[in-house]
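*Asks:* So that we are looking at the same thing, I have put the structure below in structure tokens.
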Amino acid sequence: MWVIYFARKGKSMKLMFCGGAEEVGASCLFLELDGKKFLLDCGMRMTKSKDNLPDFRVIQENGGIDGILISHAHMDHIGALPVISREYPDAPIYCTLATKDLIRLLLFDSLKIMEKQEAEIPIFSEVHVKTMLDRILCFNPNNAISILDHIKATFFSAGHILGASSIYLTSDEGSFFYSGDFSITPQLTVEGAAIPKLRPDVAVFESTYGDRLHSNRQGEEKRLVDTVRKVIEEKGKILIPAFALGRAQEVILILKRAISKKELPEFPVYIDGMVKDVCTIYENHPNYLRNTHMKKLLKGNHIFTDDCVVKVSDHAMRKKIMESSEPCCIISSSGMLTGGPSQEYAKHLFSQENSFIAITGYQDEEAPGRNLLALADDESEEKLFTLDGVSYNVKCGIGKYGLSAHADKSQITSLVTNMAPRRIFFNHGEAKVIAGLASDVAKEMYAQIEVPSNNEVFEMNIRNPRKQLQREKLVSMGRHDELTSEKLQDLRQYIVNKLDVKKGYTVEELFELWHGTDFNQEQLKCLNRLLNQSVYFKHDYKRTYIFHPATDDEIVETKDSGVMEINEMLSYANEHFPKETGLYKTGARFDEKMAILNFNYPLMVKAKYTLLIDEFEQKTGWSVEINDYCNVNAAKMLITELLDIHRLIPGKVSYYHDTDSFVVKVSELMQEESIANRFYELTGMTLKLEKEKAVFINRQDLGQPGQPMEQNEAFKLIDLYFKDKDHQIYRKSIKKNGSQKYIELSFITGQIGKRYEEQIRKLAETTGWEITINSMANNFELNALARQLLARYSVEEFGKISFLPGENSMKVKDVKTSDEVKNLIKADFLEATGITIAL
């Protein structure tokens, strides 16, 4: 049953859907209100079978636009922004602070993808993105912004992802609400939607999951954790293709929490693709995250990465992960397997019966992810799946887990009935879903309900616009001096004396209270930082972008603690402890006021620098806990330097934490006591040198003519040959070329390997194995060698050391030494590596 509300002649409003009607993709609404014309979102379709842009023709036919409002940064809502902004450069763009940073990241990433698609012409260029970004004006949620004439816009937190907002426009002609993508259910990263009881005349609601009720969120998270545990126990790998923005961050926190609660063992979790950069932006906006994460970030901690969760740095690391037998979890974009590193990982895992691919998000009807899910219930022995034109027999496990960040049918209906608009539109969903939702809502409320199509025009006469709740106008202090951390006390006292102490205030409102003038983005960011660290204001528990004046008791309790602010303390630690102490990492447990300090050699620090530690505790008010584990990489570099003085080449280096000792294999026992004594003096730990056992190869071990030698014996023969050579092999690997196995030898660089081509050819004849040389350079060893040479020639002042893969060379910045010494270092480095070093 459809209930139609017939409005009489009155004030008009025009609405058109340029995209996003009866579909998920290209969300773009044209709204004419009080004589001004707006776009709400401007996305693109992510499928290749349809035009990926909204219909901009209708915008031109209606005289263009005066402004653009963006709900959130997913590509189906922002992908076409540079195109429309290029056509209407005078139209300002409005969104939240976090959304702008995400827009920048996603659109520049989109440029990279378009550049790779050589057969297609990019729809916009880098200059279009940059100029579009300059037109964006940012505001926090819960601010009523006067955007054009008498029209006001307010963003309300929509849940969904970082910075996502529903948008409310009010004017003399009426009021309009646009839900954007929203979720009332709290997620691990962000709280659920915080939308008050508004009074819109017209409203548009997303309907992605308008035909279903979501499964219990906690239950789905537990199912995912159980699957991960099973795969890890079976020594397999689990790939979780995830949307880089939103879903990936949720999955990371689900696994981190499970590891923390001992529901999962500690195991490597790798994050790859654009997921890495999105995590950084999340951490740069603590006031848009849930309270617990905000507090961790303000204490100087990371919330996504730790010892278990590691970012994949490059293709070489990705290859190493796939070739390793170590069980692990990989969280990578893209979530639909349409591209990105997740495709590369999936192709590798298809054939592994003990591995698994877990789908956690919406899959477009043409997406590879949806086709892969169809195999989950396929019981046939051979499950064929085509990706990039190649067919794979899928042997790994496949599963779907409901971690949606969209509202379900009950949540959509609740928001609609709570607002009770006179005219209701449903978009952002498949046609059948929207039709069913509209029919069900029509049975519950008296309103005109529409199921729009793209390009359909709706002229709406609003006879009596609904009255809006008016917020009391804030009376400014009219101060002209800068609002510093100390002066926040005056602002707080003004609110206590003159205003509502129970009310929360946005950063914009607090700025206006102090100055009574307009502000720019940098001023807002500066004030936000001051408020995050202030004792005079506290965060709203759920809406962390809102601030409340602290009570007298809360201020006294904080001030009397005599504890330095956490970021100030962490910065002071790096200044207080000199370079020779080897401080390389700082952290803190805020609740205990405990500074966690990581030194290269903790035993040495505890023995030599107790006075310095006491001074630090007295100055900061923080207790100190020193991590008992030494920096193994620093110790290995030191061992190499000490042995190098006596022309000894280190073999295997082993670290034993329980006895605070190192054991290193060497070819000869020379100056053992002096080396061990010097190591103890510098580190407080013991060092033992052990001679490499001689390896004897009997003729019978060489195998039968025409038969390859047993691989371990072949490795022994190779080691024996290179034992006394000037250059050592860093890794020996068994590789496959089709069904044929071969040995790959890795030197510090491929250039060094080529020096031994003739000898390696003879080794191949002797062992019966094909032997190749890895052309890749060992970045870590190159870096270590550069440091050794700088130390050997007493160079103490230098900057960053980096490998330049495009030039196949090393570079050390800001080296302070003579040209003569530089030339000696360059010559030694070239001899040892076969590549050049720039100083």
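Scheme for the structure tokens: letters A, B, ... for chains in order shown; per-chain residue numbers from 1; ligand numbers from 1 in order shown.
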Using only C-alpha atoms, determine which residues lie at most 9 Å from Arg479 of chain A, disregarding the query and same-chain residues fewer than 4 positions distant; provide the list as a list in words.
*Replies:* Leu483, Leu513, Trp514, His515 and Gly516 of chain A
*Asks:* Those same residues, written as a short mmCIF file (atom, residue, chain, number, x, y, z; two decimals), in the first residue's frame with C-alpha atoms?
*Replies:*
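What ended up in again-v7.cif:
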data_model
loop_
_atom_site.label_atom_id
_atom_site.label_comp_id
_atom_site.auth_asym_id
_atom_site.auth_seq_id
_atom_site.Cartn_x
_atom_site.Cartn_y
_atom_site.Cartn_z
CA LEU A 483 44.00 31.52 22.69
CA LEU A 513 33.29 32.03 21.98
CA TRP A 514 36.79 33.41 22.45
CA HIS A 515 37.23 35.62 19.37
CA GLY A 516 33.76 36.09 17.90
#
*Asks:* Enumerate, as an MDAnalysis selection string, the complete set of residues in segment 510-563 of chain A that a backbone-based DSSP assignment places in alpha helix (DSSP H).
*Replies:* chainID A and resid 510:515 521:533 552:559
*Asks:* For Asp134 of chain A, which residue out of A:Gln521, A:Thr581, A:Gln751, A:Ser391 is the nearest one, using only C-alpha atoms?
*Replies:*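 Counting only C-alpha atoms, the residue closest to Asp134 of chain A is A:Gln521.
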*Asks:* By how many Å are atom CA of Ala550 of chain A and atom CA of Lys538 of chain A apart?
*Replies:* 5.7 Å
*Asks:* As a PyMOL selection string, list the residues of segment 302-376 of chain A assigned to strand (DSSP E) by DSSP on the backbone atoms of this structure.
*Replies:* chain A and resi 309-311+328-332+356-359
